[in-house]
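Presented below is the structure to which this report refers.
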Amino acid sequence: MLTTPSFEYLLLSPMLIILAAAVIGVLAEAFLDRNHLPVIQLFISVGAILLALIQIYRIKSSSSTSAAIGSVVIDKATIYLQGTILIIGLLALLLISDQEQFVAQASAIPGSREEQESTSKGSIQTEIYPLLSFALAGMMLFTCASDLITLFVALEVFSLPLYLLAGLSRRRRLLSQEAALKYFLLGAYSSAFFLFGAAFLYGISGSVYLVDISSAVSGGYGNDVFVLIGLIFISVGLLFKISAVPFHAWTPDVYQGAPTSVTAFMAAATKVAAFGAILRIFYVVFSPIANQWRPIISVIAIITMVFGSAVAIAQRDVKRMLAYSSIAHAGFILTAVLALNKSGLSAALFYLTTYGLSTLAAFGIITLIRDATGEVTDLNKWAGLGKKSPLIAGSFAFLLLSFAGIPLTSGFIGKFAIFSAAYETGNIAVVVFGVLSSALAAFFYIRVILLMFVAQSQNDSISIAIPSVKSRIAIGATTAATVILGLFPSLLLNITQSFSIFIK
Amino acid sequence: MNPYVPILAIGAIGFGFAVFSVAIAFITGPKRYNRAKADAYECGIEPSPSAAGGGRFPVKYFLTAMLFIVFDIEIVFLYPWAVTFDQLGLFGLVEMILFIATVFVAYTYVWRRGGLEWD
């Protein structure tokens, strides 16, 4: 006899609201007048995110393992991560709604007459709003999924819209389409690894629920080779999403090819979601056999930090440089996963939030630096930007300093918290490499700052676009957050400390 | 009886059927060789050197295949629901209506945006 499953709809409501908004968005695409769609879609998406944030606030002290028959765990960390994803989504949405970066008609051949016609007609693909909502909902589910099937479905729900969004850049269409294809093929490949690992874990524990796998791991199967195979393969799938070396190869190409506002969303929100799942899996399921995987993840963290920082030096393109910087940052956050204690979790949550906001701001600023053919991402052309617009160049310089982890920025506090958490657990080698690669990274960040302020301008073709009100809000808010959280980190540190709890 | 015996039997029958079909076609079938035999598929669109109309394949085939998947997935869930309908009761009915409504959103989108127009 089957019993009717019960759901705690209040706890699931933030995700349900975003999913409903996505479905309503698709319906709006089908039935409403195309002239009014951009406004309507923006309204639906923003409204849903605000509603979901209100719901997050209402359930902020709840916790439950049975919100959706054991497939979803709502705990403090989940609520924090979902809130972060929603805020990043809201700010990214403001950047994305400046649709000028997006292709007029995605199906037209690049450079064809059909494309020119649709561009001059001013048509736009408003499907980006429902796609973004689907991605957001998938990310939120990814942070709270507590069985392997839900985890996989969430992974696909947030990945598929991102593959599509990456291919919608208006300028440099071929580069953008190449990015989308690469991202899709490699993403599908990594999903297969994830499923392979999930099959092994199911095989050993006889259950897809993380709680059962966890008790199988701690109850005698811990050294079983199948557990380790499952652990390794699942990790490959997850490490791909956070672009840890050696699973990083897609990152520079996709970050460069995608429309910059989509890159901003991808870089910030995907990291939060994927690290949410990684933290949960390693903290909840695999912590009893930490001795088995710690050496592997330590090596991955070290090569990710060093490789990301070293290769960024050679980049001549701002977006590629930030892509390698995001690889290095993934290594820093992995250090917090290794710590396996409450301060590590709290540090990771803090780092994810501040890094996400700074990244949004940095990519937001890149959208403003333009010449006749669109955005200028060639670093050489950025020379002398400080004279043209001290405010924009100054903000960008400040964000770079935050990425580098210079004191008085939020990046410094995040790095400090992560390295001290890792030091507590005696992971000295990782901390040493972390600090060294931070110093290495500071070199290329400061080189860009010197380029903007000291170097002589080669040409006068670049200009600073006047940002729209929406972009101004997004860039302003995220830059301000980087400043404020650098000066008064306890504002957020207190929150992350009280929200760094995983339950099984 | 050992539960693996029927599985082995099914495997053996399947293998035997495949071998039998290939063998009987090989023995009795006529053998006429022509260029089409060397293609990856003996029917459908010429895959190389380039498709008709400037190297693009019509998206119509792809859309039809995608729509098939939409309804395919629907039936995957409808069938178990039908079997347990009396046990799940009203809850199952409401959930299924919601599920089918969501599936039809995808269908409506394709229909309204012209995905079903063949020409």
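Residue numbering restarts at 1 for every chain of the structure tokens, chains are lettered A, B, ... in their displayed order, and ligands are numbered from 1 as they appear.
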### Task
May I have the residues within 9 Å of stretch 62-74 of chain B as a list in words, using only C-alpha atoms and disregarding those fewer than 3 positions away in the same chain?
Pro58, Val59, Phe77, Leu78, Tyr79, Phe99, Ile100, Val103, Phe104, Ala106, Tyr107, Val110, Gly115 and Leu116 of chain B
### Message
Should the cut-off be 8 Å, what would the residue list for chain A against chain B look like, counting only C-alpha atoms, as a ChimeraX atom specification?
### Response
/A:1-4,23,26-27,29-31
Keeping only N, CA and C atoms, write those residues as a CSV table (one decimal), in the first residue's frame.
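For reference, result.csv as written:
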chain,number,residue,atom,x,y,z
A,1,MET,N,0.8,-1.2,0.0
A,1,MET,CA,0.0,0.0,0.0
A,1,MET,C,0.9,1.3,0.0
A,2,LEU,N,0.6,2.1,-0.9
A,2,LEU,CA,1.3,3.4,-1.0
A,2,LEU,C,0.7,4.4,0.0
A,3,THR,N,1.6,5.2,0.6
A,3,THR,CA,1.1,6.3,1.4
A,3,THR,C,1.3,7.5,0.6
A,4,THR,N,0.3,8.4,0.7
A,4,THR,CA,0.4,9.7,0.0
A,4,THR,C,1.6,10.5,0.5
A,23,VAL,N,7.8,29.1,-15.7
A,23,VAL,CA,6.7,28.5,-16.5
A,23,VAL,C,5.8,29.6,-17.1
A,26,VAL,N,7.4,31.3,-19.9
A,26,VAL,CA,7.3,30.6,-21.2
A,26,VAL,C,5.9,30.8,-21.8
A,27,LEU,N,4.9,30.8,-20.9
A,27,LEU,CA,3.5,31.0,-21.4
A,27,LEU,C,3.4,32.4,-22.0
A,29,GLU,N,5.7,34.1,-23.4
A,29,GLU,CA,6.4,34.1,-24.7
A,29,GLU,C,5.4,33.6,-25.7
A,30,ALA,N,4.6,32.6,-25.3
A,30,ALA,CA,3.7,32.0,-26.3
A,30,ALA,C,2.5,32.9,-26.7
A,31,PHE,N,2.0,33.7,-25.7
A,31,PHE,CA,0.7,34.3,-26.0
A,31,PHE,C,0.7,35.9,-26.1
### Task
Step one, run DSSP on the backbone; step two, keep only residues of stretch 3-112 of chain B assigned to alpha helix (DSSP H); then write them as a ChimeraX atom specification.
/B:4-28,59-83,85-112
### Task
Find the residues near A:Tyr423: any atom within 10 Å, counting only C-alpha atoms, skip ones fewer than 6 places away on the same chain, and give them as a ChimeraX atom specification.
/A:335-336,339,344,417,429-432
Restricting it to C-alpha atoms, dump the selection as a compact mmCIF listing (two decimals), in the first residue's frame.
# COMPACT_ATOMS: atom_id res chain seq x y z
CA THR A 335 40.60 24.94 0.86
CA ALA A 336 37.56 25.64 3.01
CA ALA A 339 38.84 22.25 6.59
CA GLY A 344 35.56 26.39 7.31
CA ALA A 417 38.82 33.38 7.14
CA ALA A 429 50.78 22.84 2.83
CA VAL A 430 47.53 24.04 1.26
CA VAL A 431 47.65 27.28 3.25
CA VAL A 432 51.24 27.96 2.17
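The space separating atom CA of A:Leu322 from atom CA of A:Pro295 comes to 27.9 Å.
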### Message
Give me the residues near A:Leu492 as an NGL selection string, where near means some atom within 12 Å (using only C-alpha atoms) and where sequence neighbours in that chain fewer than 2 positions away do not count.
### Response
:A and (80 or 84 or 346-347 or 349-354 or 410 or 413-414 or 481-482 or 484-490 or 494-499)
Could those selected residues go to a file with C-alpha atoms, as a PDB file, in the first residue's frame?
ATOM      1  CA  TYR A  80      21.775  31.144   3.343  1.00  0.00           C
ATOM      2  CA  THR A  84      22.695  34.413  -1.840  1.00  0.00           C
ATOM      3  CA  SER A 346      31.305  29.773   7.598  1.00  0.00           C
ATOM      4  CA  ALA A 347      34.378  31.045   5.738  1.00  0.00           C
ATOM      5  CA  LEU A 349      29.782  30.948   2.793  1.00  0.00           C
ATOM      6  CA  PHE A 350      31.344  34.372   3.374  1.00  0.00           C
ATOM      7  CA  TYR A 351      33.794  33.952   0.506  1.00  0.00           C
ATOM      8  CA  LEU A 352      31.102  32.767  -1.907  1.00  0.00           C
ATOM      9  CA  THR A 353      28.921  35.799  -1.183  1.00  0.00           C
ATOM     10  CA  THR A 354      31.647  38.414  -1.391  1.00  0.00           C
ATOM     11  CA  SER A 410      35.966  41.931   1.321  1.00  0.00           C
ATOM     12  CA  ILE A 413      38.500  39.003   4.929  1.00  0.00           C
ATOM     13  CA  GLY A 414      37.303  36.013   2.908  1.00  0.00           C
ATOM     14  CA  ALA A 481      28.994  45.614  -0.938  1.00  0.00           C
ATOM     15  CA  THR A 482      32.668  44.908  -1.667  1.00  0.00           C
ATOM     16  CA  ILE A 484      31.285  47.759   3.072  1.00  0.00           C
ATOM     17  CA  LEU A 485      32.038  44.085   3.706  1.00  0.00           C
ATOM     18  CA  GLY A 486      35.737  44.940   3.586  1.00  0.00           C
ATOM     19  CA  LEU A 487      35.385  47.671   6.185  1.00  0.00           C
ATOM     20  CA  PHE A 488      32.751  46.012   8.365  1.00  0.00           C
ATOM     21  CA  PRO A 489      33.080  42.274   7.715  1.00  0.00           C
ATOM     22  CA  SER A 490      31.344  41.385  10.978  1.00  0.00           C
ATOM     23  CA  ASN A 494      28.007  37.034  12.134  1.00  0.00           C
ATOM     24  CA  ILE A 495      25.337  35.876   9.714  1.00  0.00           C
ATOM     25  CA  THR A 496      27.494  33.224   8.051  1.00  0.00           C
ATOM     26  CA  GLN A 497      28.571  31.906  11.452  1.00  0.00           C
ATOM     27  CA  SER A 498      25.016  31.428  12.614  1.00  0.00           C
ATOM     28  CA  PHE A 499      23.982  29.939   9.251  1.00  0.00           C
TER      29      PHE A 499
END
Hey, what's within 8 Å of A:Lys319 if we count only C-alpha atoms and toss same-chain stuff fewer than 3 positions away? As a tab-separated table (two decimals) with C-alpha atoms, in the first residue's frame, please?
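The resulting file, out03.tsv, is shown below:
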chain	number	residue	atom	x	y	z
A	252	PRO	CA	38.11	30.73	-20.27
A	255	TYR	CA	33.49	33.18	-20.03
A	256	GLN	CA	34.93	34.95	-23.06
A	322	LEU	CA	38.86	37.03	-14.89
A	323	ALA	CA	38.05	33.45	-15.94
A	363	PHE	CA	31.82	41.90	-15.32
A	377	THR	CA	38.00	43.14	-23.79
### Query
What does the distance between atom CA of A:Ser243 and atom CA of A:Ile333 come to in Å, to one decimal place?
11.6 Å
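Between atom CA of A:Leu16 and atom CA of A:Ser61 the interatomic distance comes to 19.0 Å.
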### For A:Phe453: contacts at 9 Å, only C-alpha atoms, fewer than 2 positions along chain excluded, given as number ranges by chain
A: 383-387, 390, 393-394, 448-451, 455-456
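Proximity to A:Val272 at 10 Å, evaluated using only C-alpha atoms and with sequence-adjacent residues fewer than 5 positions away removed, yields Leu81, Gln82, Thr84, Ile85, Ile88, Met139, Met140, Phe142, Thr143, Ile242, Met266, Ala267, Ala277, Ile278, Ala348, Leu349, Tyr351, Leu352, Thr353, Tyr355 and Gly356 of chain A.
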### Query
What are the DSSP strand (DSSP E or B) residues of stretch 101-224 of chain A, as an NGL selection string?
:A and (102 or 145 or 147 or 169 or 209)
